[in-house]
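Q: Just target_5.cif, nothing more (mmCIF, C-alpha atoms):
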```cif
data_coords
#
loop_
_atom_site.label_atom_id
_atom_site.label_comp_id
_atom_site.auth_asym_id
_atom_site.auth_seq_id
_atom_site.Cartn_x
_atom_site.Cartn_y
_atom_site.Cartn_z
CA MET Y 1 -80.59 8.50 3.27
CA ALA Y 2 -78.05 11.21 2.51
CA GLN Y 3 -75.58 12.47 -0.02
CA VAL Y 4 -71.89 11.54 0.25
CA ARG Y 5 -69.16 14.04 -0.59
CA PHE Y 6 -65.41 13.63 -0.97
CA ASP Y 7 -63.67 17.00 -0.57
CA GLN Y 8 -60.04 16.73 -1.72
CA ALA Y 9 -59.93 13.43 0.19
CA THR Y 10 -56.45 11.92 0.23
CA TYR Y 11 -55.05 8.78 1.81
CA ALA Y 12 -51.43 7.68 1.71
CA TYR Y 13 -50.31 4.34 3.10
CA PRO Y 14 -47.25 4.63 5.37
CA GLY Y 15 -44.06 4.32 3.33
CA ALA Y 16 -45.84 4.53 -0.04
CA ASP Y 17 -44.25 6.72 -2.71
CA ARG Y 18 -47.62 8.15 -3.79
CA PRO Y 19 -51.09 8.43 -2.24
CA ALA Y 20 -53.50 5.53 -2.74
CA VAL Y 21 -56.21 8.17 -3.23
CA ASP Y 22 -55.08 11.64 -4.26
CA GLY Y 23 -57.30 14.71 -3.82
CA LEU Y 24 -60.60 12.98 -4.63
CA ASP Y 25 -63.46 15.41 -5.30
CA LEU Y 26 -66.71 13.53 -5.82
CA GLU Y 27 -70.33 14.19 -4.83
CA ILE Y 28 -72.84 11.32 -4.67
CA ALA Y 29 -76.45 12.45 -4.62
CA ASP Y 30 -79.06 11.30 -2.12
CA GLY Y 31 -80.41 7.95 -3.31
CA GLU Y 32 -77.85 7.60 -6.11
CA PHE Y 33 -76.14 4.33 -7.08
CA MET Y 34 -72.52 5.35 -7.66
CA VAL Y 35 -70.01 2.81 -8.94
CA LEU Y 36 -66.27 3.24 -8.44
CA VAL Y 37 -64.41 1.28 -11.10
CA GLY Y 38 -60.83 0.84 -12.20
CA PRO Y 39 -57.95 -1.64 -12.33
CA SER Y 40 -56.40 -3.19 -9.24
CA GLY Y 41 -54.53 -0.63 -7.16
CA CYS Y 42 -56.41 2.39 -8.55
CA GLY Y 43 -57.75 3.46 -5.12
CA LYS Y 44 -61.40 2.53 -5.48
CA SER Y 45 -61.58 0.22 -2.43
CA THR Y 46 -59.53 2.66 -0.37
CA SER Y 47 -62.02 5.40 -1.28
CA LEU Y 48 -64.89 3.20 -0.11
CA ARG Y 49 -63.09 2.35 3.13
CA MET Y 50 -62.56 6.08 3.76
CA VAL Y 51 -66.34 6.56 3.59
CA ALA Y 52 -66.82 3.68 6.01
CA GLY Y 53 -64.15 4.99 8.36
CA LEU Y 54 -61.98 1.91 7.95
CA GLU Y 55 -59.12 4.02 6.55
CA PRO Y 56 -58.23 7.41 8.03
CA VAL Y 57 -58.18 10.46 5.78
CA THR Y 58 -54.66 11.85 5.45
CA SER Y 59 -55.98 15.20 4.23
CA GLY Y 60 -59.27 16.59 2.96
CA SER Y 61 -62.65 15.49 4.30
CA ILE Y 62 -65.59 13.12 3.94
CA HIS Y 63 -69.18 14.28 4.39
CA ILE Y 64 -72.34 12.20 4.79
CA GLY Y 65 -75.39 14.39 4.61
CA ASP Y 66 -74.67 17.62 6.44
CA GLN Y 67 -72.12 15.99 8.77
CA ASP Y 68 -68.36 16.02 8.38
CA VAL Y 69 -67.52 12.41 9.30
CA THR Y 70 -63.78 12.63 8.68
CA ASP Y 71 -62.99 11.97 12.34
CA VAL Y 72 -66.20 10.12 13.27
CA ALA Y 73 -65.86 6.48 14.36
CA PRO Y 74 -67.12 3.87 11.85
CA LYS Y 75 -69.91 2.72 14.18
CA ASP Y 76 -71.31 6.25 14.34
CA ARG Y 77 -71.42 6.92 10.59
CA ASP Y 78 -74.75 5.18 9.93
CA ILE Y 79 -73.43 3.15 7.00
CA ALA Y 80 -73.76 -0.56 6.23
CA MET Y 81 -70.93 -2.46 4.56
CA VAL Y 82 -71.25 -5.46 2.23
CA PHE Y 83 -67.90 -7.16 1.72
CA GLN Y 84 -66.41 -9.39 -0.96
CA THR Y 85 -66.54 -12.27 1.51
CA TYR Y 86 -69.94 -13.03 3.01
CA ALA Y 87 -68.62 -12.99 6.61
CA LEU Y 88 -71.64 -14.88 7.95
CA TYR Y 89 -71.64 -16.52 11.37
CA PRO Y 90 -71.67 -20.27 10.60
CA HIS Y 91 -73.37 -21.22 13.89
CA LEU Y 92 -76.29 -18.80 13.42
CA THR Y 93 -79.33 -19.22 11.19
CA VAL Y 94 -80.06 -16.87 8.30
CA ALA Y 95 -82.55 -14.94 10.44
CA GLU Y 96 -80.07 -14.69 13.33
CA ASN Y 97 -77.30 -13.52 11.00
CA MET Y 98 -79.52 -10.81 9.57
CA ALA Y 99 -80.69 -9.68 13.01
CA PHE Y 100 -77.31 -9.83 14.76
CA ALA Y 101 -76.35 -6.16 14.36
CA LEU Y 102 -79.81 -5.08 15.50
CA LYS Y 103 -79.53 -7.28 18.57
CA ILE Y 104 -76.16 -5.75 19.47
CA ALA Y 105 -77.68 -2.28 19.00
CA GLY Y 106 -80.44 -3.15 21.49
CA VAL Y 107 -83.34 -3.11 19.03
CA PRO Y 108 -86.36 -4.85 20.63
CA ARG Y 109 -87.11 -8.40 19.46
CA PRO Y 110 -90.47 -7.60 17.78
CA GLU Y 111 -88.88 -4.87 15.66
CA ARG Y 112 -85.93 -7.14 14.81
CA THR Y 113 -88.30 -9.86 13.66
CA ALA Y 114 -90.31 -7.43 11.55
CA ARG Y 115 -87.24 -5.95 9.85
CA VAL Y 116 -85.79 -9.39 9.09
CA ALA Y 117 -89.11 -10.54 7.64
CA GLU Y 118 -89.33 -7.45 5.44
CA ALA Y 119 -85.76 -7.87 4.15
CA ALA Y 120 -86.27 -11.60 3.59
CA LYS Y 121 -89.30 -10.85 1.44
CA LEU Y 122 -87.35 -8.33 -0.63
CA LEU Y 123 -84.50 -10.80 -1.15
CA ASP Y 124 -86.57 -13.95 -1.63
CA LEU Y 125 -85.09 -15.55 1.49
CA GLU Y 126 -88.33 -16.32 3.32
CA GLY Y 127 -87.95 -20.06 2.80
CA VAL Y 128 -84.41 -20.31 4.21
CA LEU Y 129 -84.57 -18.19 7.37
CA ASP Y 130 -84.06 -21.26 9.59
CA ARG Y 131 -81.08 -22.62 7.64
CA LYS Y 132 -77.41 -22.27 8.52
CA PRO Y 133 -75.05 -20.66 5.98
CA ARG Y 134 -73.49 -24.01 5.02
CA ALA Y 135 -76.87 -25.11 3.63
CA LEU Y 136 -77.07 -22.14 1.23
CA SER Y 137 -75.77 -21.55 -2.27
CA GLY Y 138 -73.27 -18.78 -2.97
CA GLY Y 139 -75.99 -16.53 -4.32
CA GLN Y 140 -78.16 -17.08 -1.25
CA ARG Y 141 -75.25 -16.31 1.08
CA GLN Y 142 -74.62 -13.06 -0.77
CA ARG Y 143 -78.30 -12.14 -0.39
CA VAL Y 144 -78.09 -12.85 3.34
CA ALA Y 145 -75.12 -10.47 3.55
CA MET Y 146 -77.25 -7.91 1.70
CA GLY Y 147 -80.13 -8.55 4.08
CA ARG Y 148 -77.90 -7.98 7.08
CA ALA Y 149 -77.11 -4.53 5.66
CA ILE Y 150 -80.71 -3.73 4.70
CA VAL Y 151 -82.22 -4.41 8.13
CA ARG Y 152 -80.03 -1.72 9.64
CA GLN Y 153 -81.78 0.90 7.46
CA PRO Y 154 -78.58 2.95 7.06
CA GLN Y 155 -78.05 6.25 5.31
CA VAL Y 156 -75.47 4.72 2.97
CA PHE Y 157 -74.67 1.25 1.61
CA CYS Y 158 -70.96 0.59 0.95
CA MET Y 159 -70.40 -2.48 -1.24
CA ASP Y 160 -66.89 -3.75 -1.91
CA GLU Y 161 -66.90 -6.15 -4.90
CA PRO Y 162 -69.78 -8.21 -3.45
CA LEU Y 163 -70.18 -10.40 -6.55
CA SER Y 164 -66.56 -11.42 -7.13
CA ASN Y 165 -66.98 -14.80 -5.41
CA LEU Y 166 -69.92 -15.85 -7.60
CA ASP Y 167 -69.72 -17.73 -10.88
CA ALA Y 168 -70.30 -15.82 -14.12
CA LYS Y 169 -73.96 -16.78 -14.61
CA LEU Y 170 -74.88 -16.05 -11.00
CA ARG Y 171 -73.09 -12.69 -11.13
CA VAL Y 172 -75.33 -11.59 -13.99
CA SER Y 173 -78.57 -12.48 -12.20
CA THR Y 174 -77.41 -11.13 -8.82
CA ARG Y 175 -76.23 -7.79 -10.18
CA THR Y 176 -79.67 -7.15 -11.69
CA GLN Y 177 -81.27 -8.05 -8.34
CA ILE Y 178 -78.98 -5.66 -6.45
CA ALA Y 179 -79.63 -2.80 -8.87
CA ALA Y 180 -83.40 -3.35 -8.74
CA LEU Y 181 -83.34 -3.62 -4.95
CA GLN Y 182 -81.37 -0.40 -4.57
CA ARG Y 183 -83.89 1.45 -6.70
CA ARG Y 184 -86.76 0.13 -4.58
CA LEU Y 185 -85.05 1.12 -1.33
CA GLY Y 186 -83.69 4.43 -2.61
CA THR Y 187 -80.65 4.20 -0.33
CA THR Y 188 -77.49 6.03 -1.37
CA THR Y 189 -75.04 3.34 -2.51
CA VAL Y 190 -71.30 3.39 -3.17
CA TYR Y 191 -70.33 0.25 -5.07
CA VAL Y 192 -66.78 -0.84 -5.90
CA THR Y 193 -65.91 -3.20 -8.73
CA HIS Y 194 -63.07 -3.88 -11.17
CA ASP Y 195 -65.60 -5.25 -13.69
CA GLN Y 196 -66.57 -2.50 -16.11
CA VAL Y 197 -69.60 -4.52 -17.30
CA GLU Y 198 -70.95 -4.45 -13.73
CA ALA Y 199 -70.27 -0.74 -13.59
CA MET Y 200 -72.03 -0.02 -16.87
CA THR Y 201 -75.12 -2.08 -16.07
CA MET Y 202 -75.63 -1.13 -12.41
CA GLY Y 203 -74.63 2.46 -11.78
CA ASP Y 204 -76.63 5.67 -12.13
CA ARG Y 205 -73.18 7.20 -12.58
CA VAL Y 206 -69.73 5.65 -12.80
CA ALA Y 207 -66.48 7.10 -11.47
CA VAL Y 208 -63.39 5.76 -13.26
CA MET Y 209 -60.16 5.82 -11.26
CA LYS Y 210 -56.50 5.22 -12.09
CA ASP Y 211 -53.45 5.49 -9.81
CA GLY Y 212 -55.51 7.15 -7.08
CA LEU Y 213 -56.84 9.86 -9.38
CA LEU Y 214 -60.40 10.35 -10.61
CA GLN Y 215 -60.32 10.19 -14.42
CA GLN Y 216 -63.98 10.84 -15.24
CA VAL Y 217 -67.40 10.58 -13.63
CA ASP Y 218 -70.57 10.45 -15.71
CA THR Y 219 -73.47 8.24 -16.71
CA PRO Y 220 -72.48 4.87 -18.21
CA LEU Y 221 -73.52 5.83 -21.75
CA ALA Y 222 -71.76 9.20 -21.55
CA LEU Y 223 -68.53 7.43 -20.54
CA PHE Y 224 -68.94 5.05 -23.46
CA ASP Y 225 -69.80 7.73 -26.02
CA ARG Y 226 -67.43 10.51 -24.90
CA PRO Y 227 -64.49 9.21 -22.86
CA ALA Y 228 -62.43 12.07 -21.46
CA ASN Y 229 -59.10 10.40 -22.14
CA ALA Y 230 -57.51 7.34 -23.69
CA PHE Y 231 -57.47 5.41 -20.40
CA VAL Y 232 -61.23 5.71 -19.93
CA ALA Y 233 -61.74 4.89 -23.62
CA GLY Y 234 -59.75 1.68 -23.28
CA PHE Y 235 -61.27 0.68 -19.95
CA ILE Y 236 -64.97 1.19 -20.67
CA GLY Y 237 -66.48 -1.16 -23.21
CA SER Y 238 -66.28 -4.89 -23.87
CA PRO Y 239 -64.32 -5.74 -25.94
CA ALA Y 240 -62.18 -2.71 -25.26
CA MET Y 241 -61.88 0.18 -27.68
CA ASN Y 242 -59.11 -0.19 -30.26
CA LEU Y 243 -56.39 2.40 -29.57
CA LEU Y 244 -54.08 3.07 -32.52
CA ALA Y 245 -51.02 5.31 -32.47
CA GLY Y 246 -50.80 7.75 -35.36
CA LYS Y 247 -50.19 11.32 -36.41
CA THR Y 248 -52.35 13.95 -38.00
CA ALA Y 249 -51.83 14.85 -41.63
CA GLY Y 250 -54.17 17.84 -41.75
CA ASP Y 251 -57.45 18.17 -43.64
CA GLY Y 252 -59.31 15.74 -41.37
CA VAL Y 253 -56.93 12.81 -41.80
CA ALA Y 254 -54.69 10.85 -39.44
CA VAL Y 255 -52.03 8.39 -40.54
CA VAL Y 256 -51.76 4.95 -38.89
CA ASP Y 257 -49.09 2.57 -40.17
CA GLY Y 258 -48.89 4.57 -43.38
CA VAL Y 259 -52.65 4.41 -43.97
CA ASP Y 260 -54.94 7.46 -43.97
CA ILE Y 261 -57.78 7.26 -41.43
CA PRO Y 262 -60.44 10.01 -41.74
CA ILE Y 263 -61.19 11.87 -38.50
CA ALA Y 264 -63.36 14.82 -37.50
CA ARG Y 265 -61.89 18.13 -38.64
CA ASP Y 266 -62.17 19.78 -35.22
CA ALA Y 267 -60.10 16.99 -33.67
CA ALA Y 268 -57.50 17.25 -36.44
CA ALA Y 269 -57.30 21.01 -35.92
CA ALA Y 270 -56.74 20.57 -32.18
CA ALA Y 271 -53.87 18.09 -32.60
CA THR Y 272 -50.32 19.44 -32.49
CA GLY Y 273 -48.34 16.20 -32.45
CA PRO Y 274 -48.83 12.44 -32.18
CA VAL Y 275 -52.38 11.24 -31.64
CA THR Y 276 -54.12 8.10 -30.44
CA LEU Y 277 -57.17 7.06 -32.43
CA GLY Y 278 -59.94 5.16 -30.64
CA VAL Y 279 -62.35 2.97 -32.59
CA ARG Y 280 -64.99 0.77 -30.98
CA PRO Y 281 -65.01 -2.83 -32.30
CA GLU Y 282 -68.55 -2.39 -33.64
CA ALA Y 283 -67.58 0.79 -35.55
CA TRP Y 284 -65.32 -1.03 -38.02
CA ARG Y 285 -66.69 -2.45 -41.23
CA VAL Y 286 -64.99 -4.82 -43.63
CA VAL Y 287 -64.66 -3.31 -47.13
CA GLY Y 288 -63.52 -4.60 -50.50
CA PRO Y 289 -59.83 -4.97 -51.40
CA ASP Y 290 -59.96 -1.94 -53.72
CA GLU Y 291 -61.63 0.38 -51.21
CA PRO Y 292 -59.67 2.67 -48.86
CA GLY Y 293 -59.15 1.22 -45.40
CA LEU Y 294 -56.69 -0.18 -42.89
CA PRO Y 295 -55.25 -3.50 -44.12
CA VAL Y 296 -55.11 -6.14 -41.38
CA THR Y 297 -54.17 -9.80 -41.15
CA VAL Y 298 -56.69 -12.10 -39.49
CA GLN Y 299 -55.32 -13.93 -36.45
CA VAL Y 300 -58.42 -15.32 -34.69
CA VAL Y 301 -62.14 -15.39 -35.50
CA GLU Y 302 -64.61 -16.05 -32.67
CA GLU Y 303 -68.00 -17.16 -33.98
CA LEU Y 304 -70.60 -16.59 -31.26
CA GLY Y 305 -73.71 -17.34 -33.29
CA ALA Y 306 -75.47 -13.97 -33.33
CA ASP Y 307 -72.25 -12.10 -34.10
CA SER Y 308 -68.53 -12.63 -34.58
CA TYR Y 309 -65.32 -11.12 -33.23
CA LEU Y 310 -62.37 -10.71 -35.54
CA TYR Y 311 -58.91 -10.34 -33.97
CA ALA Y 312 -56.30 -9.07 -36.41
CA THR Y 313 -52.95 -7.32 -36.63
CA PRO Y 314 -52.20 -4.38 -38.93
CA ALA Y 315 -50.73 -5.74 -42.16
CA ALA Y 316 -47.79 -3.38 -41.74
CA VAL Y 317 -46.70 -5.32 -38.64
CA ASP Y 318 -44.17 -8.04 -39.49
CA LEU Y 319 -44.70 -10.70 -36.85
CA GLY Y 320 -41.63 -12.61 -37.96
CA THR Y 321 -39.24 -9.79 -37.05
CA ARG Y 322 -40.69 -8.96 -33.63
CA PRO Y 323 -38.80 -10.15 -30.52
CA ALA Y 324 -40.33 -13.10 -28.69
CA GLY Y 325 -42.69 -12.00 -25.93
CA GLU Y 326 -43.23 -8.50 -27.31
CA LEU Y 327 -46.86 -7.43 -27.38
CA VAL Y 328 -48.27 -7.17 -30.89
CA PRO Y 329 -50.73 -4.38 -31.81
CA GLN Y 330 -54.17 -5.91 -32.19
CA VAL Y 331 -57.38 -4.74 -33.81
CA VAL Y 332 -60.70 -6.15 -32.62
CA VAL Y 333 -63.74 -6.01 -34.90
CA ARG Y 334 -67.30 -6.91 -34.01
CA LEU Y 335 -69.35 -8.18 -36.94
CA ASP Y 336 -73.04 -9.02 -36.96
CA GLN Y 337 -72.73 -11.93 -39.34
CA ARG Y 338 -70.71 -15.10 -39.78
CA THR Y 339 -67.60 -14.03 -41.61
CA GLY Y 340 -66.16 -17.18 -43.16
CA LEU Y 341 -62.74 -15.57 -42.67
CA ARG Y 342 -59.75 -17.70 -41.74
CA ARG Y 343 -56.43 -17.06 -40.03
CA GLY Y 344 -53.87 -15.49 -42.32
CA GLU Y 345 -56.35 -13.78 -44.62
CA GLN Y 346 -55.99 -10.07 -45.25
CA VAL Y 347 -58.97 -7.71 -45.18
CA ARG Y 348 -59.46 -3.96 -45.14
CA LEU Y 349 -61.25 -2.11 -42.36
CA ALA Y 350 -62.98 1.25 -42.77
CA VAL Y 351 -64.67 3.49 -40.23
CA ASP Y 352 -66.94 6.53 -40.30
CA PRO Y 353 -64.97 9.66 -39.21
CA ALA Y 354 -67.73 10.48 -36.68
CA ALA Y 355 -67.03 7.17 -34.91
CA VAL Y 356 -63.30 7.85 -34.44
CA HIS Y 357 -62.27 9.19 -31.03
CA VAL Y 358 -59.08 11.26 -31.09
CA PHE Y 359 -56.77 11.66 -28.10
CA ASP Y 360 -53.54 13.57 -27.64
CA GLY Y 361 -50.69 11.09 -28.10
CA GLU Y 362 -48.74 12.49 -25.12
CA THR Y 363 -51.36 13.54 -22.53
CA GLY Y 364 -54.08 11.07 -23.56
CA LEU Y 365 -56.71 13.82 -23.32
CA ARG Y 366 -59.63 13.92 -25.73
CA LEU Y 367 -59.33 16.23 -28.73
CA GLY Y 368 -62.28 17.84 -30.47
CA ALA Y 369 -65.97 17.61 -29.63
#
```
Can you dump the structure from the file as structure tokens?

A:
Amino acid sequence: MAQVRFDQATYAYPGADRPAVDGLDLEIADGEFMVLVGPSGCGKSTSLRMVAGLEPVTSGSIHIGDQDVTDVAPKDRDIAMVFQTYALYPHLTVAENMAFALKIAGVPRPERTARVAEAAKLLDLEGVLDRKPRALSGGQRQRVAMGRAIVRQPQVFCMDEPLSNLDAKLRVSTRTQIAALQRRLGTTTVYVTHDQVEAMTMGDRVAVMKDGLLQQVDTPLALFDRPANAFVAGFIGSPAMNLLAGKTAGDGVAVVDGVDIPIARDAAAAATGPVTLGVRPEAWRVVGPDEPGLPVTVQVVEELGADSYLYATPAAVDLGTRPAGELVPQVVVRLDQRTGLRRGEQVRLAVDPAAVHVFDGETGLRLGA
């Protein structure tokens, strides 16, 4: 086991107009489960491949433990990779697939057998060691791919969207198994996903990336509670945070579509121009027609039993005058009861000033505490 460190690590694909990863500074502690998350093309997979040695570093360096591995061959980095595709040998049994890398490395048969047995017990694969991959479910195949990595006893696990080929229900159960397994093994793990729910539930810390740049790295709850900018605010959380364009009016108030929204005074004092207000869906509350709040028109209500999601547009938006195909501003509200609301109804939404995140309208950076 060892720490992993990116030191101004940059990679630019030939002919690209900007680096895929640009000056990444990130330190992953020994035994930590670090998740790299972001939209497609943000550089998260490229960052992982730089650790594995599958992509060369254009500038900067990569360190594993005390060793600078920037120019070290992939086979000599002591890492194990788990890919999106299982990449199992169809003609080999589960046990043979798991032991293959050890056999190539010249590990004696008794030790290979012992390591495979230990990994199979951890992954609940003891009953399928003699089966071929075609006789396994998707979840079992993914566990075999994990087992193949575990038996190598590497310093670092590199996992590139390993759950993307599984159905939704299996993803949930498998991600909890992977997180629990990593904590039992204590192996430093770099995990890539585009699914922010995976990131929030699995990682000790989460690094959010956009356009090759690191936006913020922190614990999942810290990212949720105090996003550093509007991009992180909109990316972390499901459903996503509502982001509303407005302007400050002084005295702890911002104006959105002509409606006053109370905000923290320190954020209002820090604003010098347009602002973006961020409100989590669960922070809204529906208030009476005579109470102050943002008037919205109900478009869709999703009743999920335990709670409901209300999708609405600000009442100031005239849908009839908007060009076809133009995106309409939308407000999402999470309610913990069955609403009885119907499409076309108008309601007012209020929010506690402490629950309003304020971002600079031009830079997107967080304002205030």

Q: Using only C-alpha atoms, which of Y:Pro295, Y:Gly368, Y:Pro274, Y:Pro329 sits nearest Y:Glu345?

A: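 Going through Y:Pro295, Y:Gly368, Y:Pro274, Y:Pro329 one by one, the smallest distance to Y:Glu345 is for Y:Pro295.
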
Q: Considering only C-alpha atoms, can you say which of Y:Val232, Y:Val286, Y:Val57, Y:Val358 comes closest to Y:Val206?

A: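 Closest to Y:Val206, using only C-alpha atoms: Y:Val232.
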
Q: Evaluate the PyMOL selection byres ((chain Y and resi 128-135) around 12) here and jot the selected residues down as a VMD selection string.

A: chain Y and resid 86 to 99 113 116 to 121 123 to 127 136 to 145 147

Q: Pull C-alpha atoms from the residues just selected and write them as a tab-separated table (two decimals), keeping the file's coordinate frame.

A:
```
chain	number	residue	atom	x	y	z
Y	86	TYR	CA	-69.94	-13.03	3.01
Y	87	ALA	CA	-68.62	-12.99	6.61
Y	88	LEU	CA	-71.64	-14.88	7.95
Y	89	TYR	CA	-71.64	-16.52	11.37
Y	90	PRO	CA	-71.67	-20.27	10.60
Y	91	HIS	CA	-73.37	-21.22	13.89
Y	92	LEU	CA	-76.29	-18.80	13.42
Y	93	THR	CA	-79.33	-19.22	11.19
Y	94	VAL	CA	-80.06	-16.87	8.30
Y	95	ALA	CA	-82.55	-14.94	10.44
Y	96	GLU	CA	-80.07	-14.69	13.33
Y	97	ASN	CA	-77.30	-13.52	11.00
Y	98	MET	CA	-79.52	-10.81	9.57
Y	99	ALA	CA	-80.69	-9.68	13.01
Y	113	THR	CA	-88.30	-9.86	13.66
Y	116	VAL	CA	-85.79	-9.39	9.09
Y	117	ALA	CA	-89.11	-10.54	7.64
Y	118	GLU	CA	-89.33	-7.45	5.44
Y	119	ALA	CA	-85.76	-7.87	4.15
Y	120	ALA	CA	-86.27	-11.60	3.59
Y	121	LYS	CA	-89.30	-10.85	1.44
Y	123	LEU	CA	-84.50	-10.80	-1.15
Y	124	ASP	CA	-86.57	-13.95	-1.63
Y	125	LEU	CA	-85.09	-15.55	1.49
Y	126	GLU	CA	-88.33	-16.32	3.32
Y	127	GLY	CA	-87.95	-20.06	2.80
Y	136	LEU	CA	-77.07	-22.14	1.23
Y	137	SER	CA	-75.77	-21.55	-2.27
Y	138	GLY	CA	-73.27	-18.78	-2.97
Y	139	GLY	CA	-75.99	-16.53	-4.32
Y	140	GLN	CA	-78.16	-17.08	-1.25
Y	141	ARG	CA	-75.25	-16.31	1.08
Y	142	GLN	CA	-74.62	-13.06	-0.77
Y	143	ARG	CA	-78.30	-12.14	-0.39
Y	144	VAL	CA	-78.09	-12.85	3.34
Y	145	ALA	CA	-75.12	-10.47	3.55
Y	147	GLY	CA	-80.13	-8.55	4.08
```

Q: Rounded to one decimal place, report the atom CA of Y:Phe33-atom CA of Y:Ser238 distance in Å.

A: 21.5 Å

Q: Could you check how far atom CA of Y:Phe157 sits from atom CA of Y:Gly65, in Å to one decimal?

A: 13.5 Å

Q: Measuring between only C-alpha atoms, which one of Y:Val331, Y:Asp66, Y:Ala269, Y:Gly38 shows the shortest distance to Y:Thr297?

A: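 Smallest separation from Y:Thr297 among the options: Y:Val331.
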
Q: Let me make sure I understand: among Y:Glu198, Y:Glu291, Y:Glu32, Y:Asp7, which one has the smallest atom-to-atom distance to Y:Asp68 if we use all atoms listed in the file?

A: Y:Asp7

Q: Between Y:Ala16, Y:Ile178, Y:Leu54, Y:Val151, single out the one closest to Y:Val107, counting all atoms listed in the file.

A: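 Of Y:Ala16, Y:Ile178, Y:Leu54, Y:Val151, the one nearest Y:Val107 is Y:Val151, counting all atoms listed in the file.
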
Q: Neighbouring residues of Y:Ile79 were defined as those with any atom within 9 Å, considering all atoms listed in the file; residues of the same chain fewer than 2 positions away were excluded. Please report them as a count of residues only.

A: 15

Q: Check what the PyMOL selection byres ((chain Y and resi 64) around 7) selects in the file above and give those residues as a list in words.

A: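 On this input, the PyMOL selection byres ((chain Y and resi 64) around 7) captures Ala2, Gln3, Val4, Arg5, Ile62, His63, Gly65, Asp66, Gln67, Asp68 and Val69 of chain Y.
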
Q: Please determine, counting only C-alpha atoms, which residue among Y:Arg343, Y:Arg226, Y:Lys44, Y:Arg366 has the shortest atom-to-atom distance to Y:Val190.

A: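 Counting only C-alpha atoms, the residue closest to Y:Val190 is Y:Lys44.
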
Q: Pull out every residue that the PyMOL selection byres ((chain Y and resi 241) around 9) matches in the shown coordinates and put them as number ranges by chain.

A: Y: 233-240, 242-243, 278-281, 332

Q: Export, as a PDB file, in the coordinates of the input, the selected residues with C-alpha atoms.

A:
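As written to disk, out.pdb reads:
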```pdb
ATOM      1  CA  ALA Y 233     -61.740   4.890 -23.620  1.00  0.00           C
ATOM      2  CA  GLY Y 234     -59.750   1.680 -23.280  1.00  0.00           C
ATOM      3  CA  PHE Y 235     -61.270   0.680 -19.950  1.00  0.00           C
ATOM      4  CA  ILE Y 236     -64.970   1.190 -20.670  1.00  0.00           C
ATOM      5  CA  GLY Y 237     -66.480  -1.160 -23.210  1.00  0.00           C
ATOM      6  CA  SER Y 238     -66.280  -4.890 -23.870  1.00  0.00           C
ATOM      7  CA  PRO Y 239     -64.320  -5.740 -25.940  1.00  0.00           C
ATOM      8  CA  ALA Y 240     -62.180  -2.710 -25.260  1.00  0.00           C
ATOM      9  CA  ASN Y 242     -59.110  -0.190 -30.260  1.00  0.00           C
ATOM     10  CA  LEU Y 243     -56.390   2.400 -29.570  1.00  0.00           C
ATOM     11  CA  GLY Y 278     -59.940   5.160 -30.640  1.00  0.00           C
ATOM     12  CA  VAL Y 279     -62.350   2.970 -32.590  1.00  0.00           C
ATOM     13  CA  ARG Y 280     -64.990   0.770 -30.980  1.00  0.00           C
ATOM     14  CA  PRO Y 281     -65.010  -2.830 -32.300  1.00  0.00           C
ATOM     15  CA  VAL Y 332     -60.700  -6.150 -32.620  1.00  0.00           C
TER      16      VAL Y 332
END
```

Q: In Å, rounded to a single decimal, give me how far atom CA of Y:Gly273 is from atom CA of Y:Val351.

A: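 Computing the Euclidean distance for atom CA of Y:Val351 and atom CA of Y:Gly273 yields 22.1 Å.
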